[in-house]
$ cat input_39.tsv   # TSV, C-alpha atoms
chain	number	residue	atom	x	y	z
A	25	MET	CA	149.68	57.32	140.03
A	26	TYR	CA	151.24	55.11	142.70
A	27	LYS	CA	153.50	52.07	142.73
A	28	TYR	CA	153.10	49.63	145.57
A	29	THR	CA	155.76	47.23	146.76
A	30	ALA	CA	155.62	44.67	149.53
A	31	LEU	CA	158.37	42.91	151.41
A	32	PRO	CA	158.25	39.11	151.45
A	33	ILE	CA	156.39	37.79	154.45
A	34	GLY	CA	158.61	36.81	157.31
A	35	ILE	CA	161.70	38.59	155.98
A	36	ASP	CA	163.15	41.07	158.45
A	37	GLU	CA	166.58	42.54	158.91
A	38	PRO	CA	169.13	39.85	159.74
A	39	THR	CA	169.80	39.32	163.42
A	40	PRO	CA	173.35	39.16	164.75
A	41	TYR	CA	173.33	35.36	164.75
A	42	GLN	CA	172.21	35.17	161.08
A	43	SER	CA	174.76	35.18	158.33
A	44	SER	CA	174.49	37.57	155.42
A	45	LYS	CA	174.07	34.65	152.98
A	46	SER	CA	171.05	33.17	154.77
A	47	VAL	CA	168.76	36.10	153.97
A	48	PRO	CA	169.00	35.92	150.14
A	49	SER	CA	168.49	32.14	150.25
A	50	ASP	CA	165.34	32.56	152.33
A	51	THR	CA	164.09	35.22	149.93
A	52	TRP	CA	164.54	32.96	146.92
A	53	LEU	CA	162.90	30.10	148.81
A	54	LEU	CA	159.80	32.09	149.60
A	55	TRP	CA	159.66	33.46	146.06
A	56	GLY	CA	159.81	29.92	144.67
A	57	CYS	CA	157.03	28.78	147.02
A	58	HIS	CA	154.92	31.73	145.93
A	59	ILE	CA	155.31	30.82	142.25
A	60	ALA	CA	154.55	27.17	142.90
A	61	VAL	CA	151.37	27.86	144.88
A	62	THR	CA	150.19	30.34	142.22
A	63	CYS	CA	150.71	27.77	139.46
A	64	LEU	CA	148.82	25.10	141.42
A	65	SER	CA	145.90	27.49	142.00
A	66	ALA	CA	145.77	28.44	138.29
A	67	THR	CA	145.86	24.76	137.33
A	68	PHE	CA	142.96	24.02	139.66
A	69	LEU	CA	141.03	26.88	138.09
A	70	LEU	CA	141.55	25.47	134.59
A	71	ILE	CA	140.70	21.90	135.59
A	72	THR	CA	137.41	22.88	137.25
A	73	PHE	CA	136.42	25.26	134.45
A	74	PRO	CA	133.61	26.15	133.64
A	75	LEU	CA	132.30	25.33	137.13
A	76	SER	CA	134.90	27.60	138.72
A	77	ALA	CA	133.79	30.49	136.50
A	78	TRP	CA	130.71	31.01	138.72
A	79	CYS	CA	132.90	31.44	141.81
A	80	PHE	CA	136.14	33.03	140.64
A	81	ILE	CA	135.17	35.31	137.74
A	82	LYS	CA	133.66	38.56	139.00
A	83	ASN	CA	131.95	41.41	137.15
A	84	ILE	CA	132.95	44.74	138.68
A	85	PRO	CA	130.73	47.79	137.92
A	86	ALA	CA	132.21	51.06	136.68
A	87	TYR	CA	131.88	52.83	140.06
A	88	GLN	CA	133.86	50.17	141.95
A	89	ARG	CA	137.46	49.01	142.16
A	90	VAL	CA	138.80	45.80	143.68
A	91	VAL	CA	141.78	45.67	146.02
A	92	LEU	CA	143.29	42.20	145.56
A	93	PHE	CA	145.41	40.32	148.10
A	94	ARG	CA	147.32	37.28	146.84
A	95	LEU	CA	148.87	35.19	149.59
A	96	GLY	CA	148.50	38.21	151.86
A	97	ARG	CA	150.29	40.63	149.53
A	98	VAL	CA	148.49	43.58	147.94
A	99	ARG	CA	148.23	43.50	144.14
A	100	PRO	CA	147.44	46.31	141.65
A	101	THR	CA	143.84	47.50	141.65
A	102	LYS	CA	141.43	45.56	139.42
A	103	GLY	CA	138.29	46.68	137.61
A	104	PRO	CA	135.97	47.75	136.23
A	105	GLY	CA	134.82	44.80	134.09
A	106	LEU	CA	135.60	41.08	134.44
A	107	ILE	CA	138.36	39.98	136.79
A	108	VAL	CA	139.69	36.48	137.50
A	109	LEU	CA	140.46	35.32	141.03
A	110	LEU	CA	142.72	32.41	141.79
A	111	PRO	CA	141.08	29.92	144.15
A	112	LEU	CA	142.31	29.56	147.73
A	113	ILE	CA	145.05	32.21	147.50
A	114	ASP	CA	143.18	35.38	146.43
A	115	GLN	CA	141.15	37.63	148.71
A	116	TRP	CA	139.41	40.70	147.35
A	117	GLN	CA	137.69	43.77	148.78
A	118	PRO	CA	135.48	46.09	146.70
A	119	VAL	CA	135.87	49.86	147.12
A	120	ASP	CA	133.11	52.31	146.13
A	121	MET	CA	134.54	55.25	144.16
A	122	ARG	CA	131.37	57.37	144.24
A	123	THR	CA	131.02	60.56	146.25
A	124	ARG	CA	129.79	60.04	149.80
A	125	ALA	CA	128.30	62.56	152.24
A	126	PHE	CA	127.79	62.76	155.97
A	127	LYS	CA	126.81	65.35	158.56
A	128	VAL	CA	128.94	66.45	161.46
A	129	PRO	CA	126.38	66.75	164.29
A	130	PRO	CA	126.06	70.21	165.87
A	131	CYS	CA	128.67	70.70	168.56
A	132	LYS	CA	129.43	73.54	170.97
A	133	VAL	CA	132.36	75.64	169.76
A	134	LYS	CA	133.88	78.58	171.63
A	135	SER	CA	135.03	81.32	169.29
A	136	ARG	CA	138.05	83.55	169.73
A	137	ASP	CA	135.99	86.34	171.30
A	138	GLY	CA	134.41	84.04	173.88
A	139	ALA	CA	131.09	83.38	172.12
A	140	LEU	CA	129.61	79.89	172.43
A	141	VAL	CA	127.90	78.69	169.24
A	142	SER	CA	126.26	75.44	168.19
A	143	LEU	CA	127.62	74.59	164.76
A	144	GLY	CA	127.71	71.56	162.45
A	145	ALA	CA	128.82	70.81	158.90
A	146	ASP	CA	127.86	68.88	155.76
A	147	ILE	CA	130.89	67.13	154.20
A	148	GLN	CA	131.24	65.36	150.85
A	149	TYR	CA	134.21	63.14	150.02
A	150	ARG	CA	135.27	60.32	147.74
A	151	VAL	CA	138.00	57.68	147.63
A	152	SER	CA	140.85	58.67	145.32
A	153	ASP	CA	143.18	55.71	145.98
A	154	PRO	CA	141.48	52.37	146.76
A	155	VAL	CA	144.64	50.65	148.01
A	156	LEU	CA	145.46	53.38	150.54
A	157	SER	CA	141.86	53.50	151.76
A	158	VAL	CA	141.98	49.78	152.56
A	159	MET	CA	145.55	49.55	153.85
A	160	SER	CA	145.64	52.72	155.99
A	161	VAL	CA	142.57	52.56	158.24
A	162	GLN	CA	140.08	49.92	159.30
A	163	ASP	CA	136.89	52.00	159.48
A	164	LEU	CA	137.29	54.82	156.95
A	165	ASP	CA	133.95	56.56	157.59
A	166	LEU	CA	134.41	56.68	161.37
A	167	VAL	CA	137.94	58.07	161.15
A	168	ILE	CA	136.94	60.82	158.68
A	169	ARG	CA	133.96	61.84	160.85
A	170	SER	CA	136.04	62.15	164.02
A	171	THR	CA	138.85	63.96	162.20
A	172	SER	CA	136.42	66.45	160.63
A	173	GLN	CA	134.74	67.19	163.97
A	174	ASN	CA	138.07	67.81	165.73
A	175	LEU	CA	139.35	70.09	162.97
A	176	LEU	CA	136.02	71.95	162.97
A	177	LYS	CA	136.42	72.82	166.65
A	178	GLN	CA	140.07	73.83	166.22
A	179	SER	CA	139.44	75.97	163.14
A	180	LEU	CA	136.44	77.87	164.51
A	181	GLY	CA	138.16	78.37	167.85
A	182	ARG	CA	140.49	80.82	166.06
A	183	LYS	CA	137.65	82.84	164.48
A	184	TYR	CA	135.56	85.72	165.81
A	185	LEU	CA	131.77	85.44	165.93
A	186	ARG	CA	131.30	88.09	163.24
A	187	GLU	CA	133.68	86.13	160.96
A	188	ILE	CA	131.68	82.95	161.48
A	189	HIS	CA	128.50	84.83	160.50
A	190	SER	CA	129.83	86.65	157.43
A	191	LYS	CA	132.56	84.34	156.09
A	192	LYS	CA	131.10	80.87	156.37
A	193	ALA	CA	131.95	80.03	152.74
A	194	SER	CA	135.63	80.97	153.04
A	195	ILE	CA	135.91	79.23	156.42
A	196	GLY	CA	134.42	76.11	154.82
A	197	GLU	CA	137.03	76.20	152.04
A	198	GLN	CA	139.84	76.59	154.55
A	199	LEU	CA	138.43	73.75	156.63
A	200	LYS	CA	138.28	71.57	153.52
A	201	GLU	CA	141.99	72.12	152.90
A	202	ASP	CA	142.81	71.29	156.52
A	203	ILE	CA	140.80	68.05	156.36
A	204	ASN	CA	142.42	67.08	153.05
A	205	GLU	CA	145.85	67.43	154.61
A	206	GLN	CA	144.84	64.92	157.27
A	207	VAL	CA	143.00	62.38	155.08
A	208	LYS	CA	145.28	62.47	152.02
A	209	PRO	CA	147.48	59.61	153.34
A	210	TRP	CA	144.32	57.50	153.56
A	211	GLY	CA	143.52	57.84	149.85
A	212	VAL	CA	140.54	60.18	150.42
A	213	ASN	CA	139.73	63.55	148.85
A	214	VAL	CA	137.21	65.95	150.49
A	215	GLU	CA	135.24	67.80	147.79
A	216	ARG	CA	132.90	70.10	149.74
A	217	VAL	CA	132.43	71.44	153.28
A	218	HIS	CA	129.33	73.47	154.16
A	219	LEU	CA	129.04	74.97	157.65
A	220	VAL	CA	125.64	75.02	159.36
A	221	LEU	CA	125.22	77.52	162.23
A	222	GLU	CA	122.45	76.27	164.51
A	223	SER	CA	122.37	78.95	167.22
A	224	VAL	CA	124.41	81.30	169.38
A	225	LEU	CA	124.33	79.95	172.94
A	226	GLN	CA	126.42	82.68	174.58
A	227	ALA	CA	127.30	86.21	173.55
A	228	PRO	CA	130.92	87.39	173.09
A	229	GLU	CA	132.88	89.33	175.69
A	230	ASP	CA	131.87	92.92	176.56
A	231	GLN	CA	134.59	94.66	174.60
A	232	LEU	CA	134.00	92.79	171.39
A	233	ILE	CA	130.23	93.05	171.66
A	234	GLU	CA	130.49	96.81	171.97
A	235	THR	CA	132.78	96.87	168.92
A	236	LEU	CA	130.28	94.81	166.96
A	237	THR	CA	127.30	96.94	167.94
A	238	SER	CA	129.15	100.20	167.27
A	239	ARG	CA	129.78	99.09	163.67
A	240	SER	CA	126.14	98.21	163.10
A	241	ASN	CA	123.22	100.58	163.24
A	242	THR	CA	120.82	97.71	163.95
A	243	GLY	CA	122.16	96.46	167.28
A	244	PHE	CA	120.08	95.38	170.23
A	245	GLU	CA	120.71	98.70	171.97
A	246	HIS	CA	119.41	100.62	168.95
A	247	LEU	CA	116.47	98.22	168.72
A	248	LEU	CA	115.38	98.77	172.30
A	249	THR	CA	115.98	102.51	172.08
A	250	GLN	CA	113.49	102.70	169.22
A	251	PHE	CA	111.05	100.60	171.24
A	252	VAL	CA	111.27	103.05	174.15
A	253	SER	CA	110.71	105.93	171.73
A	254	LEU	CA	107.62	104.13	170.42
A	255	VAL	CA	106.20	103.83	173.94
A	256	ASN	CA	106.75	107.51	174.53
A	257	GLN	CA	104.83	108.39	171.36
A	258	SER	CA	102.01	106.00	172.25
A	259	SER	CA	101.56	107.57	175.66
A	260	GLY	CA	100.79	110.94	174.01
A	261	LYS	CA	103.49	112.88	175.91
A	262	ARG	CA	105.87	114.99	173.90
A	263	ASN	CA	108.35	115.52	176.70
A	264	PRO	CA	107.95	112.78	179.28
A	265	PRO	CA	109.73	113.54	182.52
A	266	SER	CA	111.25	110.04	182.80
A	267	LEU	CA	111.20	106.63	181.21
A	268	ALA	CA	109.34	105.22	184.18
A	269	ASP	CA	106.43	107.60	183.53
A	270	ALA	CA	106.19	106.32	179.95
A	271	PHE	CA	105.07	102.92	181.30
A	272	THR	CA	102.52	104.20	183.75
A	273	ASP	CA	99.64	104.43	181.28
A	274	ILE	CA	100.58	101.55	178.95
A	275	SER	CA	101.27	97.86	179.58
A	276	LEU	CA	103.21	95.20	177.75
A	277	GLN	CA	100.02	93.32	176.85
A	278	HIS	CA	98.55	96.47	175.29
A	279	LEU	CA	101.65	97.03	173.12
A	280	LEU	CA	101.64	93.48	171.82
A	281	SER	CA	97.90	93.52	171.16
A	282	GLN	CA	98.32	96.53	168.85
A	283	LEU	CA	100.92	94.75	166.73
A	284	GLU	CA	98.47	92.86	164.51
A	285	GLU	CA	96.95	96.09	163.15
A	286	ARG	CA	100.37	97.25	161.85
A	287	LEU	CA	101.20	94.10	159.83
A	288	SER	CA	101.26	94.30	156.02
A	289	GLU	CA	102.60	92.52	152.96
A	290	SER	CA	105.41	95.04	152.55
A	291	LEU	CA	106.54	94.38	156.11
A	292	VAL	CA	106.51	90.63	155.46
A	293	SER	CA	108.64	91.09	152.32
A	294	ASN	CA	111.25	92.99	154.35
A	295	VAL	CA	111.44	90.59	157.29
A	296	LYS	CA	110.66	87.11	155.92
A	297	ALA	CA	111.08	85.38	159.29
A	298	SER	CA	109.10	83.97	162.20
A	299	TYR	CA	109.66	84.74	165.88
A	300	GLN	CA	108.60	82.92	169.03
A	301	MET	CA	108.78	84.84	172.33
A	302	TYR	CA	108.47	83.38	175.83
A	303	ILE	CA	107.84	85.98	178.55
A	304	THR	CA	107.78	85.16	182.27
A	305	LEU	CA	105.28	87.42	184.04
A	306	GLN	CA	105.62	88.81	187.57
A	307	ASP	CA	103.35	86.14	189.05
A	308	GLY	CA	105.59	83.38	187.67
A	309	GLU	CA	103.36	82.51	184.73
A	310	ARG	CA	105.20	81.88	181.47
A	311	VAL	CA	103.34	83.09	178.41
A	312	ALA	CA	104.11	82.62	174.74
A	313	TYR	CA	103.74	85.14	171.96
A	314	TYR	CA	104.47	84.57	168.27
A	315	LEU	CA	105.11	86.81	165.26
A	316	ASN	CA	104.92	85.14	161.86
A	317	LEU	CA	106.16	87.33	158.99
A	318	THR	CA	106.82	84.67	156.35
A	319	SER	CA	103.82	84.89	154.01
A	320	GLY	CA	100.80	87.02	153.16
A	321	SER	CA	100.23	89.93	155.51
A	322	GLY	CA	101.69	88.08	158.47
A	323	CYS	CA	100.04	87.17	161.74
A	324	CYS	CA	100.76	87.41	165.46
A	325	GLY	CA	99.17	86.53	168.75
A	326	TRP	CA	99.45	84.72	172.03
A	327	GLY	CA	100.49	81.09	171.82
A	328	VAL	CA	103.03	78.89	170.05
A	329	LEU	CA	103.68	78.60	166.34
A	330	PRO	CA	102.66	75.25	164.79
A	331	PHE	CA	106.11	75.00	163.15
A	332	PRO	CA	109.68	75.73	164.32
A	333	SER	CA	110.42	79.45	164.41
A	334	ASP	CA	113.50	81.12	162.92
A	335	VAL	CA	114.34	82.95	166.17
A	336	THR	CA	113.28	82.25	169.76
A	337	ILE	CA	113.49	85.01	172.41
A	338	GLU	CA	113.16	84.30	176.14
A	339	THR	CA	112.99	86.97	178.87
A	340	THR	CA	110.97	88.08	181.87
A	341	GLU	CA	108.47	90.90	182.13
A	342	LEU	CA	110.51	92.64	184.85
A	343	ASP	CA	113.72	92.48	182.83
A	344	LEU	CA	111.92	93.74	179.75
A	345	LEU	CA	110.45	96.69	181.66
A	346	SER	CA	113.85	97.36	183.26
A	347	LEU	CA	115.31	97.59	179.79
A	348	PHE	CA	112.62	100.08	178.81
A	349	ARG	CA	113.25	102.22	181.92
A	350	GLY	CA	117.02	102.18	181.37
A	351	ASN	CA	117.77	100.38	184.64
A	352	LEU	CA	119.27	97.39	182.80
A	353	HIS	CA	121.72	97.63	179.93
A	354	PRO	CA	120.59	95.44	176.98
A	355	ILE	CA	124.05	94.05	176.32
A	356	THR	CA	124.40	93.12	179.99
A	357	ALA	CA	121.01	91.39	179.92
A	358	TYR	CA	121.95	89.49	176.78
A	359	LYS	CA	125.31	88.35	178.12
A	360	GLU	CA	124.02	87.35	181.57
A	361	GLY	CA	121.28	85.25	180.02
A	362	ARG	CA	118.41	87.42	181.22
A	363	MET	CA	117.50	87.90	177.57
A	364	ARG	CA	118.17	84.73	175.63
A	365	VAL	CA	118.16	84.69	171.82
A	366	ILE	CA	118.19	81.32	170.08
A	367	GLY	CA	118.78	81.49	166.33
A	368	ASP	CA	120.47	83.76	163.83
A	369	LEU	CA	121.31	87.17	165.28
A	370	GLN	CA	120.95	88.91	161.92
A	371	THR	CA	117.44	87.49	161.60
A	372	ALA	CA	116.61	88.70	165.11
A	373	LEU	CA	117.71	92.22	164.23
A	374	ARG	CA	115.16	92.38	161.39
A	375	LEU	CA	112.60	93.27	164.05
A	376	GLU	CA	113.75	96.85	163.51
A	377	ASN	CA	111.50	96.90	160.42
A	378	VAL	CA	108.50	96.24	162.69
A	379	LEU	CA	109.46	99.20	164.88
A	380	ARG	CA	109.69	101.47	161.83
A	381	VAL	CA	106.07	100.61	160.98
A	382	PHE	CA	104.99	101.61	164.49
A	383	GLN	CA	106.81	104.92	164.23
A	384	GLN	CA	105.20	105.74	160.89

$ encode --input "input_39.tsv" --output "structure tokens"
Amino acid sequence: MYKYTALPIGIDEPTPYQSSKSVPSDTWLLWGCHIAVTCLSATFLLITFPLSAWCFIKNIPAYQRVVLFRLGRVRPTKGPGLIVLLPLIDQWQPVDMRTRAFKVPPCKVKSRDGALVSLGADIQYRVSDPVLSVMSVQDLDLVIRSTSQNLLKQSLGRKYLREIHSKKASIGEQLKEDINEQVKPWGVNVERVHLVLESVLQAPEDQLIETLTSRSNTGFEHLLTQFVSLVNQSSGKRNPPSLADAFTDISLQHLLSQLEERLSESLVSNVKASYQMYITLQDGERVAYYLNLTSGSGCCGWGVLPFPSDVTIETTELDLLSLFRGNLHPITAYKEGRMRVIGDLQTALRLENVLRVFQQ
């Protein structure tokens, strides 16, 4: 595919004090020295044969190629099979042609709509040109890792949060093309890029959040509205005078304690996720509550799950009650960090299925 040429060592453009005839003579002189040294090395190999066969005849496996340097000049790629090295003048470097993989560690990326997400990637690549991979960079793996991480931040910085959620496959393909453009001169070909979204650390700006929630019927505002409706039904009042009165006869602990009786296998099949909630009470105590809807009929209770949950929700009792009374807007609480959601937002919104069971 490629043809490689190398200038003779020590031959540069003639300086003003050099004549035009001196350069060709030097070139022929170096070429003659190169031939003479090569012949002497081959003669030494033949004289010391078969002892030299143990040191200068190499068996290269099918998944490797050898980049050969003779007197400092690169030679055509050798292998697979048996190759012969000339003593004293040949240096060789094996190159693995198999597919390699590495992980880009999760990094904080700010999307186009102002959301802050923690996102990483799994990348697979292989060497397509052994000579370029050796001649271009010193540490190939380190350069590809840093290049991939930089392009990941640049590419996702031009995307909206909803695009990152719904179009991860297409974004990964586009990112693969961008990385290939950068690493192609190094003799490397990226075969696969898979994005891994760890969590959403900060919500988008107000305008874009309202656009996102208006397009979805399962937003946080709709979720909490159903929860308030549930409290009104549980209090036994058809027409409560205010939202504050709905929480006079019922507490947060009582609502959560009734959750276990409503769990079923059908609910688990619809949700298929686990939730860990941390609630800070009015006296400063921080309590934990879990909801495991991954198998069987599900389970819930006070405490911490013995395994990592799919979604973690952190809030305070006062902020939660303020949301129920309507004194605090849910989007404002989510953006200001008063209600923190760690994990996939779509998985968090599956809690609407739990509210439907309460209403029925």

$ atom_distance --input "input_39.tsv" --atom1 "atom CA of Pro111 of chain A" --atom2 "atom CA of Met159 of chain A"
22.3 Å

$ residues_around --input "input_39.tsv" --residues "Ile81 of chain A" --least-positions-apart "6" --cutoff "7 Å" --atoms "all atoms listed in the file" --output "list in words"
Leu106, Ile107, Val108 and Leu109 of chain A

$ write_last_selection --input "input_39.tsv" --atoms "C-alpha atoms" --output "mmCIF file, keeping the file's coordinate frame"
data_model
loop_
_atom_site.group_PDB
_atom_site.id
_atom_site.type_symbol
_atom_site.label_atom_id
_atom_site.label_comp_id
_atom_site.auth_asym_id
_atom_site.auth_seq_id
_atom_site.Cartn_x
_atom_site.Cartn_y
_atom_site.Cartn_z
ATOM 1 C CA LEU A 106 135.600 41.080 134.440
ATOM 2 C CA ILE A 107 138.360 39.980 136.790
ATOM 3 C CA VAL A 108 139.690 36.480 137.500
ATOM 4 C CA LEU A 109 140.460 35.320 141.030
#

$ atom_distance --input "input_39.tsv" --atom1 "atom CA of Val378 of chain A" --atom2 "atom CA of Thr304 of chain A"
22.5 Å

$ atom_distance --input "input_39.tsv" --atom1 "atom CA of Gln117 of chain A" --atom2 "atom CA of Leu92 of chain A"
6.6 Å

$ closest_residue --input "input_39.tsv" --among "A:Gly367, A:Val220, A:Ser298, A:Ser321" --to "Glu285 of chain A" --atoms "all atoms listed in the file"
A:Ser321

$ axis_aligned_box --input "input_39.tsv" --around "segment 279-298 of chain A" --padding-each-side "5 Å" --output "AutoDock Vina command-line options"
--center_x 104.2 --center_y 90.6 --center_z 162.7 --size_x 24.5 --size_y 23.3 --size_z 30.8

$ residues_near_point --input "input_39.tsv" --point "(136.9, 57.2, 158.1)" --cutoff "12 Å" --atoms "all atoms listed in the file" --output "VMD selection string"
chain A and resid 124 to 126 149 to 151 157 to 158 160 to 173 203 206 to 214

$ residues_around --input "input_39.tsv" --residues "segment 58-64 of chain A" --least-positions-apart "6" --cutoff "8 Å" --atoms "only C-alpha atoms" --output "list in words"
Leu95, Leu110 and Ile113 of chain A

$ write_last_selection --input "input_39.tsv" --atoms "C-alpha atoms" --output "PDB file, keeping the file's coordinate frame"
ATOM      1  CA  LEU A  95     148.870  35.190 149.590  1.00  0.00           C
ATOM      2  CA  LEU A 110     142.720  32.410 141.790  1.00  0.00           C
ATOM      3  CA  ILE A 113     145.050  32.210 147.500  1.00  0.00           C
TER       4      ILE A 113
END

$ closest_residue --input "input_39.tsv" --among "A:Ser76, A:Asn174, A:Asn204, A:Gln226" --to "Ser135 of chain A" --atoms "only C-alpha atoms"
A:Gln226
